[in-house]
Amino acid sequence: MKKKGNPLLILLLVLGALLVVYAGVVVIGKNQEKSKQKEEEAKKIYVTDLGKLSEIQFDVGNGEIQLVKEDGTWYDKNDKDFPLAQSYPKKMEKTFRKRKLEEGDSLEAYGLEDPAYTVVLTDQDGNETTLYFGNVTGDSYYLTLNEKKEIYTVSTGVIEDFQYSMEDMAQLDTFPTIGS
């Protein structure tokens, strides 16, 4: 008589093989995601070549606002005790994506002679870049930098991150809720 293989042992071996295959698929998927993120980051074009920001100054119709960063925390330059919610300047701190216009018209044709919005960014080394926003075209703003030599387009979402007054950016006190 021939002995039949132990069915429990066979099932355990199959389960082990399936777990090894699953782990391999998960690792390969994570590696592909990381390489995809690196490729996307390499494709990005940035408006400025500033390092880490230490100051943001802007006026987008709510009055001039100046924010400074000290020891990793953003403050109102004119009132360090103002309870500034850190989520707003952190969102502003993110870099801008741009697209350069080739053979463009004059600055006036794009609303850049007298810009609608101005944002001044200063990095920790003291390098300053001034961004001038002109007319809106579809889902983009026309933008120029410092000496206004080249014209770019950036997403309208860039300005949305700056559409706050100091009162909007206040960190309000939170109170505990009382249940019945």
# chains A, B, ... in the order shown; residues from 1 in each chain; ligands from 1
call {"tool": "residues_around", "arguments": {"residues": "segment 144-149 of chain A", "least_positions_apart": "2", "cutoff": "6 Å", "atoms": "only C-alpha atoms", "output": "PyMOL selection string"}}
result
chain A and resi 130-132+151
call {"tool": "residues_around", "arguments": {"residues": "Lys91 of chain A", "least_positions_apart": "2", "cutoff": "12 Å", "atoms": "only C-alpha atoms", "output": "JSON, numbers by chain"}}
result
{"A": [56, 74, 85, 86, 87, 88, 89, 93, 94, 95, 96, 157, 158, 159, 160, 161, 162, 163, 164, 169]}
call {"tool": "write_last_selection", "arguments": {"atoms": "C-alpha atoms", "output": "mmCIF file, in the first residue's frame"}}
result
data_model
loop_
_atom_site.group_PDB
_atom_site.id
_atom_site.type_symbol
_atom_site.label_atom_id
_atom_site.label_comp_id
_atom_site.auth_asym_id
_atom_site.auth_seq_id
_atom_site.Cartn_x
_atom_site.Cartn_y
_atom_site.Cartn_z
ATOM 1 C CA ILE A 56 6.621 85.327 2.948
ATOM 2 C CA TRP A 74 5.685 80.830 11.310
ATOM 3 C CA ALA A 85 -2.531 78.618 12.472
ATOM 4 C CA GLN A 86 0.547 76.902 11.000
ATOM 5 C CA SER A 87 -1.392 75.103 8.256
ATOM 6 C CA TYR A 88 -1.773 78.311 6.201
ATOM 7 C CA PRO A 89 1.889 79.332 5.854
ATOM 8 C CA GLU A 93 5.531 77.491 1.559
ATOM 9 C CA LYS A 94 5.093 74.739 -1.016
ATOM 10 C CA THR A 95 6.772 75.374 -4.339
ATOM 11 C CA PHE A 96 5.096 76.682 -7.462
ATOM 12 C CA GLY A 157 -4.644 77.272 -7.235
ATOM 13 C CA VAL A 158 -1.374 78.997 -6.314
ATOM 14 C CA ILE A 159 -3.135 82.247 -5.410
ATOM 15 C CA GLU A 160 -5.930 80.411 -3.589
ATOM 16 C CA ASP A 161 -3.404 79.482 -0.899
ATOM 17 C CA PHE A 162 -2.832 83.208 -0.282
ATOM 18 C CA GLN A 163 -6.471 84.399 -0.214
ATOM 19 C CA TYR A 164 -6.581 84.778 3.560
ATOM 20 C CA MET A 169 -5.355 82.535 9.647
#
call {"tool": "closest_residue", "arguments": {"among": "A:Glu150, A:Asp114, A:Glu108, A:Asp125", "to": "Ser54 of chain A", "atoms": "only C-alpha atoms"}}
result
A:Asp125
call {"tool": "select_by_dssp", "arguments": {"residues": "chain A", "states": "strand (DSSP E)", "output": "PyMOL selection string"}}
result
chain A and resi 53-59+65-70+73-76+99-100+117-123+128-137+140-145+151-155
call {"tool": "select_by_dssp", "arguments": {"residues": "segment 58-143 of chain A", "states": "helix (DSSP H, G or I)", "output": "number ranges by chain"}}
result
A: 87-93, 107-110
call {"tool": "write_last_selection", "arguments": {"atoms": "C-alpha atoms", "output": "PDB file, in the first residue's frame"}}
result
ATOM      1  CA  SER A  87      -1.392  75.103   8.256  1.00  0.00           C
ATOM      2  CA  TYR A  88      -1.773  78.311   6.201  1.00  0.00           C
ATOM      3  CA  PRO A  89       1.889  79.332   5.854  1.00  0.00           C
ATOM      4  CA  LYS A  90       2.923  75.692   5.404  1.00  0.00           C
ATOM      5  CA  LYS A  91       0.560  75.470   2.432  1.00  0.00           C
ATOM      6  CA  MET A  92       1.980  78.744   1.058  1.00  0.00           C
ATOM      7  CA  GLU A  93       5.531  77.491   1.559  1.00  0.00           C
ATOM      8  CA  LEU A 107       3.995  92.725 -19.969  1.00  0.00           C
ATOM      9  CA  GLU A 108       0.945  94.940 -20.366  1.00  0.00           C
ATOM     10  CA  ALA A 109      -0.801  92.332 -22.563  1.00  0.00           C
ATOM     11  CA  TYR A 110      -0.623  89.839 -19.680  1.00  0.00           C
TER      12      TYR A 110
END
call {"tool": "closest_residue", "arguments": {"among": "A:Glu55, A:Ala23, A:Thr137, A:Gly61", "to": "Leu121 of chain A", "atoms": "only C-alpha atoms"}}
result
A:Glu55
call {"tool": "residues_around", "arguments": {"residues": "Ser155 of chain A", "least_positions_apart": "4", "cutoff": "7 Å", "atoms": "only C-alpha atoms", "output": "VMD selection string"}}
result
chain A and resid 139 to 141
call {"tool": "residues_around", "arguments": {"residues": "Asp79 of chain A", "least_positions_apart": "2", "cutoff": "12 Å", "atoms": "only C-alpha atoms", "output": "PyMOL selection string"}}
result
chain A and resi 65-68+74-77+81-84+166+170
call {"tool": "write_last_selection", "arguments": {"atoms": "C-alpha atoms", "output": "PDB file, in the first residue's frame"}}
result
ATOM      1  CA  ILE A  65       0.746  90.415   5.183  1.00  0.00           C
ATOM      2  CA  GLN A  66       4.268  89.567   6.306  1.00  0.00           C
ATOM      3  CA  LEU A  67       5.027  86.170   7.806  1.00  0.00           C
ATOM      4  CA  VAL A  68       8.414  85.096   9.177  1.00  0.00           C
ATOM      5  CA  TRP A  74       5.685  80.830  11.310  1.00  0.00           C
ATOM      6  CA  TYR A  75       4.740  84.166  12.912  1.00  0.00           C
ATOM      7  CA  ASP A  76       3.122  87.437  11.907  1.00  0.00           C
ATOM      8  CA  LYS A  77       6.139  89.732  11.426  1.00  0.00           C
ATOM      9  CA  ASP A  81       1.939  86.890  19.645  1.00  0.00           C
ATOM     10  CA  PHE A  82      -0.768  86.593  16.969  1.00  0.00           C
ATOM     11  CA  PRO A  83      -2.156  83.026  17.148  1.00  0.00           C
ATOM     12  CA  LEU A  84      -1.261  82.030  13.575  1.00  0.00           C
ATOM     13  CA  MET A 166      -4.626  87.572   9.193  1.00  0.00           C
ATOM     14  CA  ALA A 170      -5.841  82.914  13.398  1.00  0.00           C
TER      15      ALA A 170
END
call {"tool": "atom_distance", "arguments": {"atom1": "atom CA of Thr153 of chain A", "atom2": "atom CA of Glu113 of chain A"}}
result
15.5 Å
call {"tool": "atom_distance", "arguments": {"atom1": "atom CA of Phe58 of chain A", "atom2": "atom CA of Asp71 of chain A"}}
result
21.4 Å
call {"tool": "atom_distance", "arguments": {"atom1": "atom CA of Leu101 of chain A", "atom2": "atom CA of Val154 of chain A"}}
result
10.8 Å
